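Text of work.cif (mmCIF, C-alpha atoms) as supplied:
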```
data_structure
loop_
_atom_site.label_atom_id
_atom_site.label_comp_id
_atom_site.auth_asym_id
_atom_site.auth_seq_id
_atom_site.Cartn_x
_atom_site.Cartn_y
_atom_site.Cartn_z
CA MET W 16 -30.38 59.82 -3.22
CA SER W 17 -32.57 61.80 -0.88
CA GLU W 18 -35.38 59.39 -0.17
CA ILE W 19 -35.05 55.63 -0.36
CA THR W 20 -38.27 53.90 -1.35
CA PRO W 21 -38.57 50.17 -1.96
CA VAL W 22 -39.29 50.70 -5.62
CA GLY W 23 -36.46 53.18 -5.93
CA TYR W 24 -34.08 50.84 -4.16
CA ILE W 25 -34.85 47.97 -6.45
CA GLN W 26 -34.84 50.09 -9.57
CA HIS W 27 -31.53 51.53 -8.55
CA HIS W 28 -30.08 48.08 -8.14
CA LEU W 29 -31.39 46.96 -11.48
CA THR W 30 -29.92 49.86 -13.41
CA ASN W 31 -26.73 49.21 -15.30
CA LEU W 32 -23.80 51.56 -15.36
CA CYS W 33 -24.41 52.85 -18.83
CA VAL W 34 -22.17 54.58 -21.33
CA SER W 35 -23.58 55.90 -24.55
CA VAL W 36 -22.06 54.83 -27.85
CA GLY W 37 -24.65 56.43 -30.11
CA ASP W 38 -27.97 56.17 -28.30
CA SER W 39 -29.00 57.92 -25.15
CA CYS W 40 -28.79 55.95 -21.93
CA ASP W 41 -32.02 57.50 -20.67
CA ASP W 42 -34.16 56.02 -23.41
CA LYS W 43 -35.64 52.65 -22.71
CA GLY W 44 -34.77 50.22 -25.45
CA SER W 45 -31.80 52.06 -26.92
CA PHE W 46 -29.35 49.61 -28.42
CA PHE W 47 -26.08 51.49 -28.86
CA VAL W 48 -25.15 51.84 -25.23
CA LEU W 49 -22.55 49.88 -23.25
CA HIS W 50 -23.17 48.42 -19.82
CA ILE W 51 -19.78 48.97 -18.28
CA ASP W 52 -20.58 47.01 -15.12
CA THR W 53 -21.61 43.94 -17.10
CA LEU W 54 -18.50 44.13 -19.21
CA PHE W 55 -16.30 44.77 -16.20
CA TYR W 56 -17.56 41.88 -14.08
CA GLY W 57 -17.65 39.62 -17.11
CA TRP W 58 -14.01 40.45 -17.71
CA PHE W 59 -13.23 40.26 -14.03
CA VAL W 60 -14.36 36.64 -13.62
CA ALA W 61 -12.95 35.80 -17.06
CA SER W 62 -9.54 37.07 -15.95
CA LEU W 63 -9.81 35.02 -12.81
CA MET W 64 -10.52 31.99 -14.95
CA MET W 65 -7.67 32.73 -17.32
CA TRP W 66 -5.27 33.30 -14.48
CA ILE W 67 -6.07 29.94 -12.91
CA ALA W 68 -6.13 28.23 -16.29
CA TYR W 69 -2.74 29.68 -17.17
CA LYS W 70 -1.27 28.79 -13.80
CA VAL W 71 -2.49 25.22 -13.93
CA GLY W 72 -1.69 24.80 -17.64
CA LYS W 73 1.89 25.95 -17.12
CA ASN W 74 2.73 23.60 -14.27
CA LEU W 75 1.00 20.40 -15.20
CA GLN W 76 2.07 17.51 -12.99
CA THR W 77 1.52 14.13 -14.58
CA GLU W 78 2.68 12.07 -11.62
CA THR W 79 1.72 14.12 -8.61
CA PRO W 80 -1.12 16.51 -9.32
CA SER W 81 -1.92 18.62 -6.32
CA GLY W 82 -4.22 21.35 -5.06
CA ILE W 83 -5.78 23.48 -7.73
CA GLN W 84 -4.79 21.10 -10.52
CA ASN W 85 -6.94 18.38 -8.99
CA VAL W 86 -9.93 20.71 -8.93
CA VAL W 87 -9.38 21.79 -12.52
CA GLU W 88 -8.84 18.20 -13.62
CA ALA W 89 -12.07 17.16 -11.95
CA ILE W 90 -14.01 19.92 -13.72
CA VAL W 91 -12.37 19.19 -17.07
CA GLU W 92 -13.04 15.48 -16.73
CA PHE W 93 -16.63 16.19 -15.78
CA VAL W 94 -17.11 18.34 -18.88
CA GLN W 95 -15.28 15.81 -21.03
CA GLN W 96 -17.58 13.09 -19.78
CA GLN W 97 -20.64 15.16 -20.63
CA VAL W 98 -19.31 15.81 -24.12
CA LYS W 99 -18.51 12.15 -24.60
CA ASP W 100 -21.96 11.09 -23.43
CA VAL W 101 -23.98 13.56 -25.44
CA PHE W 102 -21.92 14.60 -28.42
CA PRO W 103 -21.66 12.26 -31.38
CA GLY W 104 -18.47 12.21 -33.38
CA LYS W 105 -15.37 14.28 -32.83
CA ASN W 106 -14.94 18.02 -32.58
CA GLN W 107 -12.01 19.83 -31.08
CA LEU W 108 -14.04 22.92 -30.24
CA VAL W 109 -16.91 21.47 -28.25
CA GLY W 110 -14.86 20.47 -25.21
CA PRO W 111 -13.20 23.82 -24.53
CA LEU W 112 -16.42 25.60 -25.51
CA ALA W 113 -18.44 23.61 -23.00
CA LEU W 114 -15.81 24.09 -20.31
CA THR W 115 -15.68 27.82 -20.92
CA ILE W 116 -19.46 28.16 -20.81
CA PHE W 117 -19.76 26.08 -17.68
CA VAL W 118 -17.09 27.86 -15.68
CA TRP W 119 -17.66 31.35 -16.98
CA VAL W 120 -21.42 31.23 -16.48
CA PHE W 121 -20.92 29.65 -13.09
CA LEU W 122 -18.52 32.40 -12.00
CA MET W 123 -20.73 35.17 -13.36
CA ASN W 124 -23.70 33.62 -11.59
CA ALA W 125 -21.63 33.31 -8.45
CA MET W 126 -21.37 37.08 -8.30
CA ASP W 127 -24.96 36.76 -7.14
CA LEU W 128 -23.71 35.44 -3.81
CA VAL W 129 -21.83 38.63 -3.04
CA PRO W 130 -24.05 40.70 -0.76
CA VAL W 131 -26.19 42.87 -3.01
CA ASP W 132 -25.18 46.21 -1.55
CA LEU W 133 -21.49 45.56 -1.01
CA LEU W 134 -20.00 46.25 -4.40
CA PRO W 135 -22.41 49.09 -5.36
CA LYS W 136 -21.60 50.81 -2.05
CA ILE W 137 -17.88 50.51 -2.75
CA GLY W 138 -18.62 51.86 -6.20
CA GLU W 139 -20.27 54.92 -4.70
CA PHE W 140 -16.97 55.93 -3.12
CA PHE W 141 -15.65 56.21 -6.66
CA HIS W 142 -18.75 58.15 -7.75
CA ILE W 143 -20.22 55.23 -9.62
CA HIS W 144 -23.87 55.58 -8.85
CA SER W 145 -25.41 52.54 -10.36
CA MET W 146 -23.97 49.10 -10.68
CA LYS W 147 -25.31 45.63 -11.49
CA VAL W 148 -22.89 43.09 -10.17
CA VAL W 149 -24.19 39.91 -11.79
CA PRO W 150 -23.42 39.93 -15.54
CA THR W 151 -25.90 37.13 -16.22
CA THR W 152 -28.79 39.33 -15.06
CA ASP W 153 -28.09 41.37 -18.17
CA LEU W 154 -29.75 40.05 -21.33
CA SER W 155 -26.72 41.21 -23.28
CA THR W 156 -24.56 38.63 -21.58
CA THR W 157 -26.92 35.70 -21.83
CA PHE W 158 -27.65 36.46 -25.45
CA ALA W 159 -23.99 37.02 -26.19
CA LEU W 160 -23.50 33.42 -25.14
CA SER W 161 -26.58 31.97 -26.74
CA LEU W 162 -26.13 33.83 -30.03
CA SER W 163 -22.50 32.67 -30.22
CA VAL W 164 -23.77 29.15 -29.72
CA PHE W 165 -26.46 29.78 -32.33
CA ALA W 166 -23.84 30.95 -34.82
CA LEU W 167 -21.90 27.74 -34.17
CA ILE W 168 -25.07 25.67 -34.61
CA ILE W 169 -25.66 27.21 -38.03
CA TYR W 170 -22.00 26.93 -38.96
CA TYR W 171 -21.76 23.23 -38.09
CA ASN W 172 -25.16 22.47 -39.64
CA ILE W 173 -23.90 23.85 -42.94
CA LYS W 174 -20.47 22.29 -42.54
CA VAL W 175 -21.79 18.82 -41.80
CA LYS W 176 -24.96 18.70 -43.86
CA GLY W 177 -23.93 21.08 -46.59
CA PHE W 178 -25.93 24.18 -47.43
CA LEU W 179 -28.52 22.18 -49.35
CA GLY W 180 -28.73 19.63 -46.59
CA TYR W 181 -29.40 22.39 -44.11
CA LEU W 182 -32.05 23.83 -46.41
CA LYS W 183 -33.60 20.40 -46.81
CA MET W 184 -33.86 20.16 -43.05
CA PHE W 185 -36.08 23.25 -43.11
CA LEU W 186 -38.16 21.90 -45.99
CA PHE W 187 -38.72 18.28 -45.03
CA HIS W 188 -38.43 18.28 -41.27
CA PRO W 189 -40.43 17.22 -39.27
CA PHE W 190 -43.46 16.24 -41.38
CA GLY W 191 -42.00 14.99 -44.66
CA LYS W 192 -42.30 16.43 -48.13
CA TYR W 193 -46.07 16.97 -48.30
CA LEU W 194 -46.18 19.70 -45.67
CA ILE W 195 -43.32 21.89 -46.77
CA PRO W 196 -44.80 25.25 -45.66
CA VAL W 197 -45.61 23.89 -42.23
CA ASN W 198 -42.15 22.34 -42.05
CA ILE W 199 -40.46 25.66 -42.78
CA VAL W 200 -42.38 27.40 -40.03
CA MET W 201 -41.88 24.58 -37.54
CA THR W 202 -38.18 24.16 -38.13
CA THR W 203 -37.57 27.89 -38.09
CA ILE W 204 -39.34 28.21 -34.78
CA GLU W 205 -37.45 25.19 -33.48
CA GLU W 206 -34.12 26.68 -34.48
CA ILE W 207 -34.88 30.18 -33.24
CA ALA W 208 -36.17 28.76 -29.98
CA LYS W 209 -32.75 27.32 -29.22
CA PRO W 210 -30.81 30.55 -28.62
CA VAL W 211 -33.85 32.37 -27.25
CA SER W 212 -34.60 29.70 -24.68
CA LEU W 213 -30.93 29.40 -23.76
CA GLY W 214 -30.56 33.12 -23.21
CA LEU W 215 -33.89 33.73 -21.52
CA ARG W 216 -33.65 30.75 -19.20
CA LEU W 217 -30.36 31.85 -17.73
CA PHE W 218 -31.41 35.48 -17.61
CA GLY W 219 -34.76 34.70 -16.02
CA ASN W 220 -33.33 32.48 -13.33
CA MET W 221 -30.57 34.85 -12.38
CA PHE W 222 -32.73 37.94 -12.57
CA ALA W 223 -35.39 36.40 -10.38
CA GLY W 224 -32.76 35.23 -7.93
CA GLU W 225 -31.22 38.68 -7.78
CA LEU W 226 -34.65 40.25 -7.30
CA ILE W 227 -35.35 38.01 -4.34
CA PHE W 228 -31.98 38.89 -2.84
CA LEU W 229 -32.93 42.57 -3.20
CA LEU W 230 -36.34 42.06 -1.61
CA LEU W 231 -34.77 40.16 1.29
CA ALA W 232 -32.12 42.83 1.64
CA MET W 233 -34.85 45.42 2.09
CA MET W 234 -36.38 43.65 5.09
CA GLY W 235 -33.68 44.75 7.45
CA GLY W 236 -33.06 47.96 5.59
CA PHE W 237 -36.51 49.41 6.25
CA SER W 238 -37.27 48.07 9.68
CA LEU W 239 -35.11 46.75 12.49
CA LEU W 240 -37.64 43.99 13.06
CA GLY W 241 -36.71 42.62 9.69
CA VAL W 242 -33.03 42.14 10.42
CA LEU W 243 -33.26 38.65 11.87
CA PRO W 244 -35.67 37.26 9.25
CA GLN W 245 -33.50 38.85 6.60
CA ILE W 246 -30.40 37.10 7.85
CA ILE W 247 -32.16 33.75 8.04
CA LEU W 248 -34.03 34.04 4.76
CA ALA W 249 -31.18 35.56 2.78
CA SER W 250 -28.81 32.85 4.03
CA GLY W 251 -31.31 30.20 3.07
CA TRP W 252 -31.81 31.73 -0.33
CA ALA W 253 -28.06 32.05 -0.86
CA ILE W 254 -27.54 28.40 0.05
CA PHE W 255 -30.32 27.41 -2.32
CA HIS W 256 -28.80 29.70 -4.92
CA ILE W 257 -25.51 27.80 -4.85
CA LEU W 258 -27.52 24.98 -6.38
CA VAL W 259 -29.29 27.28 -8.83
CA ILE W 260 -26.16 28.94 -10.22
CA THR W 261 -24.44 25.59 -10.70
CA LEU W 262 -27.51 24.08 -12.26
CA GLN W 263 -28.01 26.97 -14.64
CA ALA W 264 -24.38 26.87 -15.74
CA PHE W 265 -24.66 23.12 -16.19
CA ILE W 266 -27.91 23.37 -18.19
CA PHE W 267 -26.46 26.04 -20.45
CA MET W 268 -23.41 23.88 -21.09
CA LEU W 269 -25.35 20.67 -21.62
CA LEU W 270 -27.88 22.25 -24.00
CA THR W 271 -25.02 23.78 -25.97
CA ILE W 272 -23.47 20.34 -26.36
CA VAL W 273 -26.84 18.84 -27.28
CA TYR W 274 -27.58 21.51 -29.87
CA LEU W 275 -24.15 21.23 -31.44
CA GLY W 276 -24.54 17.46 -31.39
CA MET W 277 -27.81 17.80 -33.29
CA ALA W 278 -26.08 20.07 -35.77
CA HIS W 279 -23.48 17.34 -36.31
CA GLN W 280 -26.00 14.66 -37.16
CA ASP W 281 -26.18 14.16 -40.88
CA ASP W 282 -29.78 13.22 -40.49
CA GLU W 283 -30.91 11.20 -43.42
CA GLU W 284 -32.86 9.14 -40.95
CA ALA W 285 -34.52 12.15 -39.32
CA HIS W 286 -37.25 12.51 -41.98
CA MET M 30 -33.37 45.60 -19.29
CA ASN M 31 -32.94 45.14 -22.98
CA ILE M 32 -30.25 43.86 -25.27
CA THR M 33 -27.61 46.47 -25.93
CA ALA M 34 -24.29 46.79 -27.69
CA THR M 35 -22.81 45.24 -24.55
CA LEU M 36 -23.69 42.04 -26.39
CA PHE M 37 -20.74 42.49 -28.73
CA GLY M 38 -18.38 43.15 -25.88
CA GLN M 39 -19.50 39.99 -24.14
CA ILE M 40 -19.23 38.01 -27.38
CA LEU M 41 -15.65 39.20 -27.79
CA THR M 42 -14.89 38.27 -24.21
CA PHE M 43 -16.50 34.89 -24.76
CA VAL M 44 -14.58 34.13 -27.95
CA PHE M 45 -11.29 35.24 -26.45
CA LEU M 46 -11.99 33.20 -23.33
CA ILE M 47 -12.70 30.07 -25.35
CA TRP M 48 -9.48 30.57 -27.29
CA PHE M 49 -7.50 31.16 -24.14
CA ILE M 50 -8.98 28.23 -22.24
CA ASN M 51 -8.44 25.95 -25.21
CA ARG M 52 -4.87 27.10 -25.79
CA PHE M 53 -3.61 27.21 -22.21
CA LEU M 54 -5.75 24.73 -20.32
CA TRP M 55 -7.81 22.33 -22.37
CA GLU M 56 -5.18 21.15 -24.83
CA PRO M 57 -2.27 20.70 -22.41
CA LEU M 58 -4.50 19.23 -19.72
CA THR M 59 -6.32 16.74 -21.94
CA ASN M 60 -3.04 15.77 -23.62
CA MET M 61 -1.51 15.26 -20.21
CA MET M 62 -4.44 13.19 -19.01
CA GLU M 63 -4.32 11.14 -22.19
CA GLU M 64 -0.63 10.56 -21.67
CA ARG M 65 -1.20 9.67 -18.05
CA LYS M 66 -3.86 7.20 -19.08
CA LYS M 67 -1.46 5.66 -21.56
CA ARG M 68 1.28 5.49 -18.98
CA ILE M 69 -0.95 3.77 -16.48
CA ALA M 70 -2.10 1.32 -19.12
CA ASP M 71 1.50 0.72 -20.18
CA GLY M 72 2.54 0.22 -16.60
CA LEU M 73 -0.20 -2.30 -15.99
CA ALA M 74 0.65 -4.12 -19.20
CA ALA M 75 4.33 -4.14 -18.26
CA SER M 76 3.59 -5.55 -14.83
CA GLU M 77 1.38 -8.19 -16.43
CA ARG M 78 4.18 -9.04 -18.82
CA GLY M 79 6.67 -9.11 -15.96
CA LEU M 80 4.49 -11.52 -14.04
CA HIS M 81 4.20 -13.75 -17.06
CA GLU M 82 7.94 -13.66 -17.65
CA LYS M 83 8.57 -14.48 -14.03
CA GLU M 84 6.34 -17.53 -14.30
CA LEU M 85 8.14 -18.63 -17.44
CA ALA M 86 11.50 -18.12 -15.78
CA GLU M 87 10.41 -20.15 -12.79
CA LYS M 88 9.27 -22.96 -15.03
CA LYS M 89 12.52 -22.81 -16.92
CA ALA M 90 14.52 -22.80 -13.71
CA ILE M 91 12.71 -25.91 -12.52
CA GLU M 92 13.42 -27.60 -15.83
CA ILE M 93 17.08 -26.67 -15.69
CA LEU M 94 17.26 -27.89 -12.13
CA GLN M 95 15.75 -31.21 -13.11
CA VAL M 96 18.19 -31.62 -15.98
CA ALA M 97 21.07 -30.77 -13.69
CA LYS M 98 19.88 -33.27 -11.10
CA GLN M 99 19.58 -35.92 -13.79
CA GLU M 100 23.06 -35.18 -14.99
CA ALA M 101 24.43 -35.25 -11.50
CA ASN M 102 22.81 -38.62 -10.92
CA ASP M 103 24.31 -39.87 -14.15
CA VAL M 104 27.71 -38.61 -13.19
CA ILE M 105 27.48 -40.24 -9.77
CA ALA M 106 26.34 -43.53 -11.25
CA ARG M 107 29.11 -43.47 -13.81
CA ALA M 108 31.64 -42.61 -11.15
CA GLN M 109 30.44 -45.46 -8.98
CA ARG M 110 30.67 -47.87 -11.86
CA ARG M 111 34.12 -46.62 -12.70
CA SER M 112 35.29 -46.86 -9.12
CA ASN M 113 34.01 -50.41 -8.89
CA GLU M 114 35.87 -51.23 -12.07
CA ILE M 115 39.04 -49.64 -10.72
CA ILE M 116 38.72 -51.57 -7.47
CA GLU M 117 38.17 -54.81 -9.35
CA GLU M 118 41.13 -54.13 -11.56
CA ALA M 119 43.28 -53.25 -8.59
CA LYS M 120 42.20 -56.43 -6.89
CA ARG M 121 43.05 -58.43 -9.96
CA ASP M 122 46.41 -56.73 -10.32
CA ALA M 123 47.17 -57.20 -6.67
CA LYS M 124 46.35 -60.89 -6.86
CA ALA M 125 48.53 -61.36 -9.89
CA GLU M 126 51.37 -59.43 -8.30
CA ASN M 127 50.91 -61.38 -5.14
CA GLU M 128 51.13 -64.66 -7.00
CA ARG M 129 54.11 -63.47 -8.95
CA LEU M 130 55.87 -62.41 -5.79
CA LEU M 131 54.93 -65.68 -4.14
CA HIS M 132 56.36 -67.63 -7.03
CA ALA M 133 59.56 -65.59 -6.99
CA ALA M 134 59.89 -66.01 -3.25
CA ASN M 135 59.30 -69.73 -3.46
CA ALA M 136 61.79 -70.04 -6.24
CA SER M 137 64.42 -68.06 -4.39
CA ILE M 138 63.71 -70.05 -1.22
CA ASP M 139 64.19 -73.29 -3.16
CA GLN M 140 67.39 -71.94 -4.60
CA GLU M 141 68.60 -70.85 -1.18
CA VAL M 142 67.69 -74.22 0.26
CA ASN M 143 69.54 -76.01 -2.50
CA ARG M 144 72.52 -73.77 -2.13
CA ALA M 145 72.50 -74.20 1.61
CA LYS M 146 72.20 -77.95 1.15
CA GLU M 147 75.12 -77.86 -1.22
CA GLU M 148 77.16 -75.73 1.11
CA LEU M 149 76.16 -77.79 4.06
CA ARG M 150 77.11 -80.88 2.14
CA GLN M 151 80.49 -79.42 1.37
CA HIS M 152 80.99 -78.32 4.95
CA VAL M 153 79.87 -81.64 6.41
CA ALA M 154 82.13 -83.47 3.97
CA THR M 155 85.04 -81.25 4.87
CA LEU M 156 84.26 -81.51 8.59
CA ALA M 157 83.80 -85.24 8.37
CA ILE M 158 87.02 -85.62 6.47
CA SER M 159 88.94 -83.41 8.86
CA ALA M 160 87.40 -85.22 11.81
CA ALA M 161 88.12 -88.56 10.22
CA GLU M 162 91.57 -87.39 9.29
CA LYS M 163 92.16 -86.39 12.89
CA ILE M 164 90.84 -89.73 14.14
CA LEU M 165 92.41 -91.80 11.54
CA GLN M 166 95.68 -89.96 11.16
CA LYS M 167 97.17 -92.28 13.59
CA GLU M 168 95.84 -95.49 12.33
CA ILE M 169 94.25 -95.11 8.98
CA ASN M 170 95.66 -94.12 5.75
CA ALA M 171 93.53 -91.75 3.81
CA ASP M 172 94.12 -93.59 0.69
CA ILE M 173 92.88 -96.90 2.10
CA HIS M 174 89.72 -95.51 3.53
CA ALA M 175 88.83 -93.14 0.76
CA GLU M 176 86.24 -95.55 -0.59
CA ILE M 177 84.37 -95.69 2.70
CA LEU M 178 84.53 -91.92 3.11
CA ASN M 179 83.15 -91.28 -0.31
CA GLU M 180 80.30 -93.68 0.41
CA THR M 181 79.47 -91.80 3.54
CA ILE M 182 79.61 -88.44 1.85
CA ALA M 183 77.26 -89.72 -0.79
CA GLN M 184 74.77 -90.70 1.90
CA ILE M 185 74.53 -87.24 3.38
#
```

Taking this structure as input, can you express it in the form of structure tokens?
Amino acid sequence: MSEITPVGYIQHHLTNLCVSVGDSCDDKGSFFVLHIDTLFYGWFVASLMMWIAYKVGKNLQTETPSGIQNVVEAIVEFVQQQVKDVFPGKNQLVGPLALTIFVWVFLMNAMDLVPVDLLPKIGEFFHIHSMKVVPTTDLSTTFALSLSVFALIIYYNIKVKGFLGYLKMFLFHPFGKYLIPVNIVMTTIEEIAKPVSLGLRLFGNMFAGELIFLLLAMMGGFSLLGVLPQIILASGWAIFHILVITLQAFIFMLLTIVYLGMAHQDDEEAH
Amino acid sequence: MNITATLFGQILTFVFLIWFINRFLWEPLTNMMEERKKRIADGLAASERGLHEKELAEKKAIEILQVAKQEANDVIARAQRRSNEIIEEAKRDAKAENERLLHAANASIDQEVNRAKEELRQHVATLAISAAEKILQKEINADIHAEILNETIAQI
């Protein structure tokens, strides 16, 4: 990098570490490429989660829970409560699914709080020249989650309502049997909107947050006068962002439970 | 800034993570919490039961105590009655014995008196005769005065 310009700086920070698996990384919009950084940090926080989960799960104390087990129990109970409140009926998958989404998304979002230049700079020592640290600022991650949820929505819709029941939902919902064409369009949009809104909401929030971190980081980087405002503003934004990352993880989890709950309703009464 | 094949990698991670979390954390932890809940409920129920049993036992103890007191009172009353009876009996026996002894003593006294009288009579007669003999040896013949002597003896 010979000359650092604001646009270049931001573009650099928003470029994934790309490996081609069929398409060229230079083309915009090529699908068959892998974002190694996204995968790596996704795996990194996932491993952290699994390590803690394994550690706690192995040494469960019924009588005298202590330390990390209390934290995990609190989170699990919180998720369990949400599932109990929102989800009708019984399903063994929803609880662990919701917990995984909540914690994994939270941890991936939390990578946002690491100073924006720290990990890419360390990466440069190993000749890695572009790196996006926050996996949830990659559409691939958010849509990986939302499409998995979407697949489950379809699966449980068919499992609970039957294939014909699911089809009937498209035909007669929401306006009854006299407006079948409109119903098909409406319900299709409604169903498609679920994964799209899930994925885009998380992506948009995290991407915007990351962008503001980058803009704030530039204040001190391009002028010494900007150092103090940068520290104050970036701290403020980071503190605010603690709320945002938790909220986004929570919303993703809650909507997943809601959607799966809707899929579980054998809705004879819905039309 | 578009969706790429990374999607599949993240989906795999996601699915594996769900499996792992479910297998190693969710199931054992929720089972444990369920068990803990049950244990707490059991414990509370047991303490409730214990309290109830304690109350019952206390009631029973009071009842038993009352019965025992009643019995003790009965025993004491019976014992008192019996002791009175025994005392009465003893008194009666003692009186009877006393009278019997008194009778025997009186009888033996009478006998003694009679015997003493008899003896005394004999002695006096003998003494009187010997005295009279001594007096009268010189002047009176025993044969002549025998009638008078016998009269005298009879008067004693």

If we count all atoms listed in the file, which residues of chain M reach to within 8 Å of chain W? Please list them as a PDB file with C-alpha atoms, keeping the file's coordinate frame.
```
ATOM      1  CA  MET M  30     -33.370  45.600 -19.290  1.00  0.00           C
ATOM      2  CA  ASN M  31     -32.940  45.140 -22.980  1.00  0.00           C
ATOM      3  CA  ILE M  32     -30.250  43.860 -25.270  1.00  0.00           C
ATOM      4  CA  THR M  33     -27.610  46.470 -25.930  1.00  0.00           C
ATOM      5  CA  ALA M  34     -24.290  46.790 -27.690  1.00  0.00           C
ATOM      6  CA  THR M  35     -22.810  45.240 -24.550  1.00  0.00           C
ATOM      7  CA  LEU M  36     -23.690  42.040 -26.390  1.00  0.00           C
ATOM      8  CA  PHE M  37     -20.740  42.490 -28.730  1.00  0.00           C
ATOM      9  CA  GLY M  38     -18.380  43.150 -25.880  1.00  0.00           C
ATOM     10  CA  GLN M  39     -19.500  39.990 -24.140  1.00  0.00           C
ATOM     11  CA  ILE M  40     -19.230  38.010 -27.380  1.00  0.00           C
ATOM     12  CA  THR M  42     -14.890  38.270 -24.210  1.00  0.00           C
ATOM     13  CA  PHE M  43     -16.500  34.890 -24.760  1.00  0.00           C
ATOM     14  CA  LEU M  46     -11.990  33.200 -23.330  1.00  0.00           C
ATOM     15  CA  ILE M  47     -12.700  30.070 -25.350  1.00  0.00           C
ATOM     16  CA  PHE M  49      -7.500  31.160 -24.140  1.00  0.00           C
ATOM     17  CA  ILE M  50      -8.980  28.230 -22.240  1.00  0.00           C
ATOM     18  CA  ASN M  51      -8.440  25.950 -25.210  1.00  0.00           C
ATOM     19  CA  PHE M  53      -3.610  27.210 -22.210  1.00  0.00           C
ATOM     20  CA  LEU M  54      -5.750  24.730 -20.320  1.00  0.00           C
ATOM     21  CA  TRP M  55      -7.810  22.330 -22.370  1.00  0.00           C
ATOM     22  CA  PRO M  57      -2.270  20.700 -22.410  1.00  0.00           C
ATOM     23  CA  LEU M  58      -4.500  19.230 -19.720  1.00  0.00           C
ATOM     24  CA  MET M  61      -1.510  15.260 -20.210  1.00  0.00           C
ATOM     25  CA  MET M  62      -4.440  13.190 -19.010  1.00  0.00           C
ATOM     26  CA  ARG M  65      -1.200   9.670 -18.050  1.00  0.00           C
TER      27      ARG M  65
END
```

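With only C-alpha atoms as the atoms that count, the minimum distance from Asn220 of chain W to the choices W:Leu243, W:Pro196, W:Val129, W:Asn124 is reached by W:Asn124.
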
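If you count all atoms listed in the file and ignore residues fewer than 6 places along the chain from Val98 of chain W, what sits within 10 Å of it is W:Glu92, W:Gly104, W:Lys105, W:Asn106, W:Val109, W:Gly110, W:Ala113, W:Leu114, W:Met268, W:Leu269, W:Thr271, W:Ile272, W:Val273, W:Gly276.
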
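The interatomic distance for the pair atom CA of Thr261 of chain W and atom CA of Gly219 of chain W works out to 14.8 Å.
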
One-decimal distance in Å that lies between atom CA of Ile254 of chain W and atom CA of Asp132 of chain W: 18.0 Å

Distance in Å - atom CA of Asp122 of chain M versus atom CA of Val142 of chain M: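 Separation of atom CA of Asp122 of chain M and atom CA of Val142 of chain M: 29.5 Å.
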